[in-house]
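Visitor: Input file: start_8.txt. Contents: compact mmCIF, C-alpha atoms (C1' of nucleotides).
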# COMPACT_ATOMS: atom_id res chain seq x y z
CA MET K 1 157.54 83.41 63.82
CA ASN K 2 155.99 81.80 60.81
CA VAL K 3 153.61 83.54 58.51
CA ARG K 4 150.79 81.23 59.48
CA GLY K 5 151.75 81.38 63.14
CA GLY K 6 150.78 84.99 63.51
CA ALA K 7 147.59 84.35 61.61
CA THR K 8 146.61 81.51 63.92
CA ARG K 9 147.23 83.66 66.94
CA ALA K 10 145.10 86.42 65.49
CA GLN K 11 142.36 83.91 64.72
CA ILE K 12 142.41 82.72 68.32
CA VAL K 13 142.14 86.25 69.65
CA ASP K 14 139.36 86.97 67.21
CA ALA K 15 137.35 83.87 68.13
CA ALA K 16 137.94 84.41 71.85
CA ASP K 17 136.83 88.01 71.51
CA ARG K 18 133.56 86.97 69.92
CA LEU K 19 132.93 84.14 72.37
CA PHE K 20 133.80 86.21 75.44
CA TYR K 21 131.36 88.82 74.25
CA ARG K 22 128.54 86.42 73.47
CA GLN K 23 128.91 83.87 76.25
CA GLY K 24 130.99 85.64 78.87
CA TYR K 25 134.60 85.01 79.80
CA GLU K 26 134.14 82.33 82.42
CA HIS K 27 131.50 80.45 80.46
CA THR K 28 133.81 80.21 77.45
CA SER K 29 136.14 77.22 77.69
CA PHE K 30 139.48 76.54 76.11
CA ALA K 31 137.83 73.75 74.18
CA ALA K 32 135.16 76.07 72.78
CA ILE K 33 137.71 78.55 71.45
CA ALA K 34 139.87 75.77 70.04
CA GLU K 35 136.87 74.28 68.28
CA ALA K 36 135.89 77.68 66.86
CA VAL K 37 139.39 78.08 65.36
CA ARG K 38 139.49 74.38 64.44
CA ILE K 39 142.77 73.64 66.14
CA SER K 40 143.66 71.15 68.84
CA ARG K 41 143.90 72.10 72.48
CA GLY K 42 147.58 71.20 72.42
CA ASN K 43 148.23 73.65 69.63
CA PHE K 44 146.16 76.18 71.49
CA TYR K 45 148.39 75.93 74.51
CA HIS K 46 151.39 76.60 72.33
CA HIS K 47 150.00 80.07 71.52
CA PHE K 48 148.58 80.97 74.93
CA LYS K 49 149.93 79.47 78.10
CA SER K 50 146.80 80.28 80.09
CA LYS K 51 143.26 81.50 79.75
CA ASP K 52 144.18 84.76 81.46
CA LEU K 53 146.67 85.51 78.71
CA ILE K 54 144.00 85.12 76.05
CA LEU K 55 141.88 87.60 77.96
CA ASP K 56 144.79 90.03 78.07
CA ALA K 57 145.24 89.69 74.32
CA VAL K 58 141.53 90.18 73.69
CA ILE K 59 141.45 93.34 75.77
CA GLU K 60 144.54 94.67 74.00
CA ALA K 61 142.89 93.97 70.67
CA ARG K 62 139.75 95.78 71.76
CA LEU K 63 141.81 98.71 72.95
CA ALA K 64 143.63 98.90 69.62
CA ASP K 65 140.33 98.74 67.73
CA ALA K 66 138.85 101.45 69.88
CA ARG K 67 141.85 103.72 69.41
CA ARG K 68 141.67 103.22 65.67
CA MET K 69 137.97 104.02 65.72
CA LEU K 70 138.41 107.22 67.71
CA GLU K 71 141.25 108.39 65.47
CA GLN K 72 139.11 107.68 62.46
CA TRP K 73 136.33 109.85 63.82
CA GLU K 74 138.73 112.68 64.45
CA THR K 75 139.65 112.72 60.78
CA GLU K 76 136.03 112.38 59.65
CA HIS K 77 134.52 115.02 61.90
CA ALA K 78 136.08 118.40 62.49
CA ASP K 79 133.43 119.33 65.05
CA PRO K 80 133.94 117.75 68.50
CA GLY K 81 130.17 117.79 68.96
CA ASP K 82 129.73 115.60 65.91
CA ARG K 83 132.38 113.24 67.27
CA VAL K 84 130.47 112.81 70.51
CA ARG K 85 127.31 112.21 68.52
CA ARG K 86 129.15 109.58 66.54
CA PHE K 87 130.10 107.91 69.80
CA VAL K 88 126.50 107.84 71.00
CA GLU K 89 125.36 106.43 67.70
CA ILE K 90 127.36 103.27 68.35
CA LEU K 91 124.18 102.28 70.15
CA LEU K 92 122.31 102.38 66.85
CA ALA K 93 125.03 100.96 64.67
CA ASN K 94 125.49 97.95 66.97
CA ARG K 95 121.90 97.68 68.12
CA ALA K 96 121.47 94.05 67.11
CA ASP K 97 124.50 92.87 69.10
CA ILE K 98 123.66 95.13 72.00
CA GLN K 99 120.18 93.72 72.26
CA SER K 100 121.55 90.19 72.22
CA TYR K 101 124.70 90.57 74.32
CA GLY K 102 124.83 94.04 75.85
CA CYS K 103 127.79 96.40 75.67
CA PRO K 104 131.11 94.57 75.18
CA VAL K 105 132.88 96.92 77.58
CA GLY K 106 130.27 97.15 80.30
CA THR K 107 129.45 93.46 80.47
CA LEU K 108 133.10 92.40 80.50
CA THR K 109 133.98 94.88 83.21
CA SER K 110 131.08 93.82 85.34
CA GLU K 111 131.86 90.11 84.90
CA LEU K 112 135.52 90.56 85.79
CA ALA K 113 134.55 92.60 88.85
CA LYS K 114 132.46 89.71 90.12
CA LEU K 115 135.18 87.19 89.38
CA ASP K 116 137.65 89.44 91.15
CA HIS K 117 139.86 88.85 88.13
CA ALA K 118 143.33 90.28 87.78
CA ALA K 119 142.56 91.68 84.33
CA LEU K 120 139.80 93.95 85.66
CA GLY K 121 142.14 96.91 85.58
CA GLU K 122 142.94 96.34 81.93
CA ALA K 123 139.26 95.99 81.08
CA ASN K 124 138.55 99.23 82.88
CA SER K 125 141.15 100.96 80.78
CA LEU K 126 138.71 100.54 77.90
CA PHE K 127 136.30 102.73 79.80
CA THR K 128 139.13 105.09 80.65
CA LEU K 129 140.04 105.41 76.98
CA PHE K 130 136.55 106.53 76.04
CA ARG K 131 136.28 108.71 79.11
CA ALA K 132 139.48 110.60 78.27
CA TRP K 133 138.50 110.94 74.63
CA LEU K 134 135.05 112.29 75.50
CA ARG K 135 136.63 114.65 78.01
CA ASP K 136 138.89 115.99 75.27
CA GLN K 137 135.91 116.62 73.01
CA PHE K 138 134.01 118.54 75.68
CA THR K 139 137.13 120.53 76.45
CA LEU K 140 137.39 121.47 72.81
CA LEU K 141 133.76 122.54 72.98
CA GLY K 142 134.69 125.04 75.66
CA HIS K 143 133.53 123.13 78.72
CA ALA K 144 136.94 122.34 80.16
CA GLU K 145 135.88 122.62 83.76
CA GLU K 146 133.05 120.12 83.63
CA ALA K 147 134.48 118.11 80.74
CA ASP K 148 135.18 115.00 82.79
CA ALA K 149 131.76 115.05 84.45
CA LEU K 150 130.14 115.40 81.04
CA ALA K 151 132.22 112.55 79.69
CA MET K 152 131.15 110.32 82.58
CA HIS K 153 127.55 111.33 82.01
CA VAL K 154 127.69 110.32 78.36
CA LEU K 155 129.24 107.00 79.34
CA ALA K 156 126.58 106.44 81.98
CA MET K 157 123.74 107.11 79.58
CA THR K 158 125.10 104.83 76.90
CA GLN K 159 125.73 102.07 79.43
CA GLY K 160 122.24 102.39 80.81
CA VAL K 161 120.70 102.20 77.37
CA ALA K 162 122.78 99.15 76.49
CA THR K 163 121.82 97.32 79.69
CA LEU K 164 118.10 97.92 79.22
CA ALA K 165 118.18 97.27 75.49
CA ASN K 166 119.73 93.91 76.34
CA ALA K 167 117.03 93.17 78.93
CA PHE K 168 114.00 94.31 76.94
CA LYS K 169 115.27 93.93 73.38
CA ASP K 170 113.46 97.09 72.41
CA GLU K 171 114.82 98.88 69.38
CA ASP K 172 112.42 101.82 69.67
CA PHE K 173 113.73 102.41 73.16
CA ILE K 174 117.27 102.70 71.81
CA ARG K 175 116.22 105.18 69.15
CA ARG K 176 114.27 107.23 71.66
CA GLU K 177 117.16 107.42 74.11
CA VAL K 178 119.71 108.26 71.44
CA ARG K 179 117.49 111.10 70.33
CA ARG K 180 117.20 112.25 73.92
CA ILE K 181 120.98 112.20 74.39
CA ASN K 182 121.45 114.13 71.17
CA ASP K 183 118.93 116.75 72.31
CA TRP K 184 120.82 117.05 75.56
CA LEU K 185 124.09 117.37 73.63
CA ASP K 186 122.63 120.33 71.73
CA THR K 187 122.79 122.25 75.00
CA TYR K 188 126.55 121.92 74.94
CA THR K 189 127.30 121.99 71.23
CA THR K 190 125.07 124.64 69.68
CA THR K 191 127.16 127.38 68.19
CA MET B 1 107.69 70.64 106.98
CA ASN B 2 109.64 71.09 110.16
CA VAL B 3 110.18 74.40 111.84
CA ARG B 4 113.90 74.24 111.22
CA GLY B 5 113.38 72.95 107.71
CA GLY B 6 111.88 76.18 106.50
CA ALA B 7 114.60 78.13 108.24
CA THR B 8 117.36 76.14 106.54
CA ARG B 9 115.76 76.69 103.17
CA ALA B 10 115.52 80.41 103.85
CA GLN B 11 119.17 80.45 104.92
CA ILE B 12 120.17 78.75 101.69
CA VAL B 13 118.25 81.26 99.61
CA ASP B 14 119.75 84.10 101.60
CA ALA B 15 123.33 82.87 101.22
CA ALA B 16 122.81 82.09 97.54
CA ASP B 17 121.36 85.55 96.99
CA ARG B 18 124.41 87.21 98.50
CA LEU B 19 126.88 84.97 96.68
CA PHE B 20 125.15 85.28 93.32
CA TYR B 21 125.29 89.03 93.71
CA ARG B 22 128.92 89.20 94.76
CA GLN B 23 130.45 86.46 92.64
CA GLY B 24 127.93 85.92 89.89
CA TYR B 25 125.62 82.95 89.39
CA GLU B 26 127.88 80.66 87.39
CA HIS B 27 130.95 81.38 89.48
CA THR B 28 129.10 80.39 92.65
CA SER B 29 129.23 76.64 93.24
CA PHE B 30 126.94 74.35 95.20
CA ALA B 31 129.83 73.74 97.56
CA ALA B 32 130.30 77.45 98.22
CA ILE B 33 126.67 77.98 99.17
CA ALA B 34 126.65 74.83 101.31
CA GLU B 35 129.77 76.03 103.09
CA ALA B 36 128.26 79.46 103.69
CA VAL B 37 125.20 77.88 105.31
CA ARG B 38 127.37 75.24 107.01
CA ILE B 39 125.45 72.25 105.77
CA SER B 40 126.55 69.24 103.74
CA ARG B 41 126.05 69.03 100.02
CA GLY B 42 123.77 66.06 100.58
CA ASN B 43 121.49 68.07 102.79
CA PHE B 44 121.64 70.86 100.28
CA TYR B 45 120.34 68.62 97.56
CA HIS B 46 117.40 67.68 99.78
CA HIS B 47 116.24 71.30 99.71
CA PHE B 48 117.03 72.13 96.10
CA LYS B 49 117.20 69.47 93.42
CA SER B 50 119.25 71.63 91.09
CA LYS B 51 121.18 74.87 90.88
CA ASP B 52 118.55 76.33 88.59
CA LEU B 53 115.92 75.89 91.30
CA ILE B 54 118.02 77.89 93.76
CA LEU B 55 118.24 80.65 91.20
CA ASP B 56 114.47 80.60 90.80
CA ALA B 57 114.04 80.87 94.56
CA VAL B 58 116.55 83.73 94.77
CA ILE B 59 114.77 85.66 92.04
CA GLU B 60 111.41 85.09 93.73
CA ALA B 61 112.85 86.34 97.01
CA ARG B 62 114.22 89.45 95.30
CA LEU B 63 110.86 90.06 93.66
CA ALA B 64 109.09 89.76 97.01
CA ASP B 65 111.58 92.13 98.63
CA ALA B 66 111.19 94.64 95.82
CA ARG B 67 107.40 94.53 96.03
CA ARG B 68 107.56 95.08 99.76
CA MET B 69 109.90 98.01 99.27
CA LEU B 70 107.71 99.67 96.65
CA GLU B 71 104.58 99.25 98.81
CA GLN B 72 106.46 100.72 101.73
CA TRP B 73 107.33 103.78 99.69
CA GLU B 74 103.73 104.24 98.68
CA THR B 75 102.71 104.49 102.33
CA GLU B 76 105.63 106.75 103.19
CA HIS B 77 105.31 109.21 100.33
CA ALA B 78 102.02 110.60 99.14
CA ASP B 79 103.68 112.41 96.24
CA PRO B 80 104.57 110.18 93.27
CA GLY B 81 107.48 112.49 92.51
CA ASP B 82 108.97 111.79 95.92
CA ARG B 83 108.51 108.08 95.31
CA VAL B 84 110.50 108.25 92.10
CA ARG B 85 113.19 110.23 93.92
CA ARG B 86 113.25 107.56 96.56
CA PHE B 87 113.84 105.01 93.83
CA VAL B 88 116.74 106.96 92.37
CA GLU B 89 118.26 107.35 95.82
CA ILE B 90 118.77 103.59 96.02
CA LEU B 91 122.00 104.49 94.23
CA LEU B 92 123.12 106.46 97.27
CA ALA B 93 121.75 104.14 99.92
CA ASN B 94 123.47 101.13 98.37
CA ARG B 95 126.49 102.95 97.01
CA ALA B 96 129.04 100.73 98.76
CA ASP B 97 127.60 97.50 97.32
CA ILE B 98 127.04 99.08 93.93
CA GLN B 99 130.65 100.19 93.71
CA SER B 100 131.81 96.69 94.63
CA TYR B 101 129.33 94.52 92.74
CA GLY B 102 127.14 96.70 90.52
CA CYS B 103 123.36 96.63 90.41
CA PRO B 104 121.91 93.27 91.54
CA VAL B 105 119.25 93.36 88.84
CA GLY B 106 121.33 94.61 85.94
CA THR B 107 124.31 92.34 86.51
CA LEU B 108 122.17 89.24 87.00
CA THR B 109 120.14 89.94 83.89
CA SER B 110 123.21 90.52 81.84
CA GLU B 111 124.92 87.37 83.11
CA LEU B 112 121.89 85.18 82.44
CA ALA B 113 121.57 86.66 78.96
CA LYS B 114 125.11 85.55 78.17
CA LEU B 115 124.57 82.11 79.65
CA ASP B 116 121.37 81.84 77.61
CA HIS B 117 119.82 80.66 80.87
CA ALA B 118 116.19 79.59 81.18
CA ALA B 119 115.63 81.89 84.18
CA LEU B 120 116.43 85.02 82.17
CA GLY B 121 112.74 85.77 81.80
CA GLU B 122 112.21 85.63 85.54
CA ALA B 123 115.20 87.88 86.14
CA ASN B 124 113.83 90.36 83.63
CA SER B 125 110.56 90.45 85.54
CA LEU B 126 112.49 92.31 88.22
CA PHE B 127 113.11 95.05 85.70
CA THR B 128 109.51 94.84 84.57
CA LEU B 129 108.31 95.28 88.15
CA PHE B 130 110.24 98.54 88.55
CA ARG B 131 109.29 99.67 85.07
CA ALA B 132 105.57 99.24 85.72
CA TRP B 133 105.82 100.91 89.12
CA LEU B 134 107.68 103.89 87.71
CA ARG B 135 105.20 104.10 84.88
CA ASP B 136 102.38 104.28 87.44
CA GLN B 137 104.10 107.12 89.26
CA PHE B 138 104.56 109.16 86.11
CA THR B 139 100.96 108.50 85.18
CA LEU B 140 99.87 109.83 88.55
CA LEU B 141 102.01 112.88 87.86
CA GLY B 142 99.94 113.57 84.78
CA HIS B 143 102.28 112.20 82.12
CA ALA B 144 100.26 109.15 81.17
CA GLU B 145 101.16 109.27 77.52
CA GLU B 146 104.93 109.23 77.94
CA ALA B 147 104.87 107.45 81.31
CA ASP B 148 106.46 104.25 80.04
CA ALA B 149 109.19 106.08 78.14
CA LEU B 150 109.96 108.12 81.26
CA ALA B 151 110.05 104.96 83.35
CA MET B 152 112.51 103.37 80.95
CA HIS B 153 114.60 106.52 80.99
CA VAL B 154 114.85 106.46 84.78
CA LEU B 155 115.83 102.80 84.67
CA ALA B 156 118.43 103.48 81.99
CA MET B 157 120.02 106.30 83.97
CA THR B 158 120.20 104.33 87.18
CA GLN B 159 121.66 101.32 85.36
CA GLY B 160 124.26 103.47 83.67
CA VAL B 161 125.29 105.06 86.94
CA ALA B 162 125.53 101.66 88.62
CA THR B 163 127.69 100.23 85.84
CA LEU B 164 130.14 103.11 85.86
CA ALA B 165 130.20 103.38 89.64
CA ASN B 166 131.19 99.73 89.66
CA ALA B 167 133.93 100.32 87.10
CA PHE B 168 135.39 103.50 88.54
CA LYS B 169 134.38 103.20 92.22
CA ASP B 170 133.72 106.92 92.31
CA GLU B 171 131.29 108.03 94.99
CA ASP B 172 131.30 111.66 93.87
CA PHE B 173 130.20 110.54 90.46
CA ILE B 174 127.18 108.80 91.99
CA ARG B 175 126.22 111.88 93.97
CA ARG B 176 126.62 114.09 90.91
CA GLU B 177 124.47 111.89 88.72
CA VAL B 178 121.76 111.48 91.33
CA ARG B 179 121.60 115.25 91.62
CA ARG B 180 121.36 115.50 87.85
CA ILE B 181 118.53 112.98 87.71
CA ASN B 182 116.69 114.81 90.45
CA ASP B 183 117.07 118.08 88.56
CA TRP B 184 115.68 116.40 85.50
CA LEU B 185 112.78 115.03 87.57
CA ASP B 186 111.91 118.55 88.66
CA THR B 187 110.83 119.17 85.08
CA TYR B 188 108.13 116.55 85.49
CA THR B 189 107.20 116.96 89.15
CA THR B 190 107.08 120.67 89.89
CA THR B 191 103.58 121.67 90.91
C1' DC F 1 106.10 54.11 122.94
C1' DA F 2 106.33 53.12 117.94
C1' DA F 3 105.95 54.18 113.23
C1' DA F 4 106.22 57.49 109.61
C1' DG F 5 108.15 61.26 107.54
C1' DC F 6 111.39 64.90 107.45
C1' DT F 7 116.21 66.32 107.78
C1' DT F 8 121.05 65.58 107.71
C1' DA F 9 125.76 63.70 106.53
C1' DG F 10 129.07 61.77 103.68
C1' DG F 11 130.54 59.81 99.85
C1' DA F 12 130.24 58.13 94.81
C1' DC F 13 129.67 59.26 90.07
C1' DA F 14 130.54 60.94 85.27
C1' DG F 15 131.68 64.95 82.91
C1' DC F 16 134.12 69.03 82.17
C1' DT F 17 137.84 72.41 83.30
C1' DG F 18 142.57 74.46 82.65
C1' DT F 19 147.03 72.78 82.36
C1' DC F 20 150.79 70.18 80.72
C1' DC F 21 153.67 66.57 78.14
C1' DT F 22 155.42 64.15 74.32
C1' DA F 23 156.22 63.29 69.68
C1' DG F 24 155.81 63.96 64.97
C1' DG F 25 155.33 67.34 60.91
C1' DA F 26 156.25 71.75 58.61
C1' DT F 27 159.12 75.55 57.63
C1' DC F 28 163.11 78.26 57.81
C1' DG F 29 168.10 79.63 57.61
C1' DA F 30 172.90 78.24 56.33
C1' DT U 1 170.55 69.37 51.96
C1' DC U 2 170.60 69.37 56.90
C1' DG U 3 169.97 70.94 61.42
C1' DA U 4 167.17 74.19 64.20
C1' DT U 5 163.06 76.25 65.17
C1' DC U 6 158.36 76.64 65.03
C1' DC U 7 153.83 74.57 64.70
C1' DT U 8 150.46 71.01 65.43
C1' DA U 9 147.98 66.88 67.32
C1' DG U 10 146.38 63.96 70.74
C1' DG U 11 146.19 62.44 75.03
C1' DA U 12 147.11 62.46 80.26
C1' DC U 13 146.43 64.67 84.59
C1' DA U 14 144.37 66.42 88.97
C1' DG U 15 140.78 69.18 90.49
C1' DC U 16 136.28 70.84 90.52
C1' DT U 17 131.36 70.76 88.95
C1' DG U 18 126.36 69.41 89.53
C1' DT U 19 123.97 65.41 90.54
C1' DC U 20 122.55 61.45 92.98
C1' DC U 21 122.45 57.52 96.49
C1' DT U 22 122.33 55.44 100.90
C1' DA U 23 122.00 55.35 105.66
C1' DA U 24 121.61 57.33 109.89
C1' DG U 25 119.44 60.88 113.14
C1' DC U 26 115.60 63.76 114.41
C1' DT U 27 110.73 65.42 114.90
C1' DT U 28 106.10 64.79 114.59
C1' DT U 29 101.96 62.09 114.81
C1' DG U 30 99.04 58.23 116.20
With the file now loaded, output its structure as structure tokens.
Guide:
Amino acid sequence: MNVRGGATRAQIVDAADRLFYRQGYEHTSFAAIAEAVRISRGNFYHHFKSKDLILDAVIEARLADARRMLEQWETEHADPGDRVRRFVEILLANRADIQSYGCPVGTLTSELAKLDHAALGEANSLFTLFRAWLRDQFTLLGHAEEADALAMHVLAMTQGVATLANAFKDEDFIRREVRRINDWLDTYTTT
Amino acid sequence: MNVRGGATRAQIVDAADRLFYRQGYEHTSFAAIAEAVRISRGNFYHHFKSKDLILDAVIEARLADARRMLEQWETEHADPGDRVRRFVEILLANRADIQSYGCPVGTLTSELAKLDHAALGEANSLFTLFRAWLRDQFTLLGHAEEADALAMHVLAMTQGVATLANAFKDEDFIRREVRRINDWLDTYTTT
DNA sequence: CAAAGCTTAGGACAGCTGTCCTAGGATCGA
DNA sequence: TCGATCCTAGGACAGCTGTCCTAAGCTTTG
């Protein structure tokens, strides 16, 4: 593969990622991605034989990013409680995008479920990644038995906040709910 | 308007409602709705000049249904706390649909947001309806000052549960979270 | 009964979709 | 330098989309 070849492919995945997030998977056409990368549709087809394959690549890229992010947090925070807090604070860090487009994981999963798309399982593995990671943190905090339930609860709260923040575009609401989640976390993380 | 005319229109709205919920708005074509109602596309166009107008009618129908439901609850439960519990228990009553297709309000809102669709405001008014109703209940319970924040919190939790139930298709998770929400509600509803 | 209006069917239309083909240009290895 | 491989462009294709038209049937009203 050429030097530029890999770069083009990465650009396609990058543009598709952004467009899928902002406009939805189905609503984003081949032509739109090609235009965003400024290549012809013919060239496009050389890199990805079908739209489904772009989706696969996008999900893989998101998975890789997420893994990198979680590993990063593990080096930055020794305390598992702080790691969970860092996870919840994604809502604040990405509040602008969340208000405009919702959660990238939740909205993709829900769209693919409605489309009955083959890649739904892969998209769900994004949720599974976070779920397992959160479970590990709660286990480290000494709540092994209910760790998975707690992980799911954190996921549910963040998803709910993202959905409503998208609907009402209310930044104060996000801050309030993050504070509430953090207060709740204190119950499980106070030394 | 003929007797059968109104019935056909209602059938169209009904079929569109179901299809929009199960497949998403964009993914549902004129032809699919027409086939579900067993009428020709020409006839279809006589009742609705555009796809957007069907969406408007579907949202209006959902709003009317929701209003009826909330009024019903007000006659059935004298205690505002019980009314809020009844709201949360939608998650259990509709658990099969929620696991398959998510929340009808949340998924529609999030799809229309991505499509940048003109009817997004109308779809959001479904959320607003529930928000205002919940706010009223919390006000009646003596929490006027934080009533709106509590209403939003209930909405957020139910949305989060719906999203994850859809992703993981886990009925135990739904039951667990409903119990958790009810426990939380006890804090605000115990006499 | 007759006219008017409502309802229905079926097909036509342009535009967009994902897919695919061909052919020329760039880059690499020997 | 020369052949092989990769990359790119542009267009063709069938199929589906929402929209619209026309003409025939039906129901209601006078």
Visitor: Write out as a tab-separated table the residues of chain F that have any atom within 12 Å of an atom of chain B, one row each with the nearest atom pair and its distance in Å to one decimal, counting only C-alpha atoms (C1' of nucleotides), sorted by chain and then rising number.
Guide:
residue	atom	partner	partner_atom	distance
F:DG5	C1'	B:Met1	CA	9.4
F:DC6	C1'	B:Met1	CA	6.8
F:DT7	C1'	B:Gly5	CA	7.2
F:DT8	C1'	B:Asn43	CA	5.5
F:DA9	C1'	B:Ser40	CA	6.3
F:DG10	C1'	B:Gly42	CA	7.5
F:DG11	C1'	B:Gly42	CA	9.2
F:DA12	C1'	B:Gly42	CA	11.7
Visitor: How would the residues just chosen look if you wrote them out with C-alpha atoms (C1' of nucleotides) as a PDB file, in the coordinates of the input?
Guide:
ATOM      1  C1'  DG F   5     108.150  61.260 107.540  1.00  0.00           C
ATOM      2  C1'  DC F   6     111.390  64.900 107.450  1.00  0.00           C
ATOM      3  C1'  DT F   7     116.210  66.320 107.780  1.00  0.00           C
ATOM      4  C1'  DT F   8     121.050  65.580 107.710  1.00  0.00           C
ATOM      5  C1'  DA F   9     125.760  63.700 106.530  1.00  0.00           C
ATOM      6  C1'  DG F  10     129.070  61.770 103.680  1.00  0.00           C
ATOM      7  C1'  DG F  11     130.540  59.810  99.850  1.00  0.00           C
ATOM      8  C1'  DA F  12     130.240  58.130  94.810  1.00  0.00           C
TER       9       DA F  12
END
Visitor: Only residues of chain B matter here; which ones have an atom within 8 Å of chain K, counting only C-alpha atoms? Give them as a ChimeraX atom specification.
Guide: /B:22-24,26-27,100-102,106-107,109-111,113-116,124,149,152-153,155-161,163-164,166-168,173,177
Visitor: Hey, could you make a per-residue contact list for chain B against chain U with 9 Å as the cut-off, showing the nearest pair of atoms and its distance in Å to one decimal, counting all atoms listed in the file, sorted by chain and number, as JSON lines?
Guide:
{"residue": "B:Asn2", "atom": "CA", "partner": "U:DT27", "partner_atom": "C1'", "distance": 7.5}
{"residue": "B:Ser29", "atom": "CA", "partner": "U:DT17", "partner_atom": "C1'", "distance": 7.6}
{"residue": "B:Phe30", "atom": "CA", "partner": "U:DG18", "partner_atom": "C1'", "distance": 7.5}
{"residue": "B:Gly42", "atom": "CA", "partner": "U:DC20", "partner_atom": "C1'", "distance": 9.0}
{"residue": "B:Tyr45", "atom": "CA", "partner": "U:DT19", "partner_atom": "C1'", "distance": 8.5}
{"residue": "B:Lys49", "atom": "CA", "partner": "U:DT19", "partner_atom": "C1'", "distance": 8.4}
{"residue": "B:Ser50", "atom": "CA", "partner": "U:DG18", "partner_atom": "C1'", "distance": 7.6}
{"residue": "B:Lys51", "atom": "CA", "partner": "U:DG18", "partner_atom": "C1'", "distance": 7.6}
Visitor: If you measure from atom CA of K:Leu134 to atom CA of K:Trp73, what distance in Å do you get, rounded to one decimal?
Guide: 12.0 Å
Visitor: Which polymer residues have any atom within 10 Å of an atom of stretch 77-85 of chain K, counting all atoms listed in the file, with same-chain residues fewer than 5 positions away left out, as a PyMOL selection string?
Guide: chain K and resi 70+72+90+133-141+151+154+178+181-182+185-186+188-190
Visitor: Can you tell me how far atom CA of B:Ala144 sits from atom CA of B:Phe87, in Å to one decimal?
Guide: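 About the pair atom CA of B:Ala144 and atom CA of B:Phe87: they are 19.0 Å apart.
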Visitor: Tell me, in Å to one decimal, how far atom C1' of F:DG18 is from atom CA of K:Ala16.
Guide: 15.4 Å
Visitor: Put the listed atoms of stretch 12-15 of chain F in a box along x, y and z with 8 Å added on every side and give me the centre and edge lengths in Å to one decimal, as lines of an AutoDock Vina configuration file.
Guide:
center_x = 130.7
center_y = 61.5
center_z = 88.9
size_x = 18.0
size_y = 22.8
size_z = 27.9
Visitor: Rank K:Arg95, K:Glu71, K:Ile12, K:Asp17 by their smallest atom-to-atom distance to K:Ala34, using all atoms listed in the file, and report the top residue only.
Guide: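 Nearest candidate to K:Ala34 out of K:Arg95, K:Glu71, K:Ile12, K:Asp17: K:Ile12.
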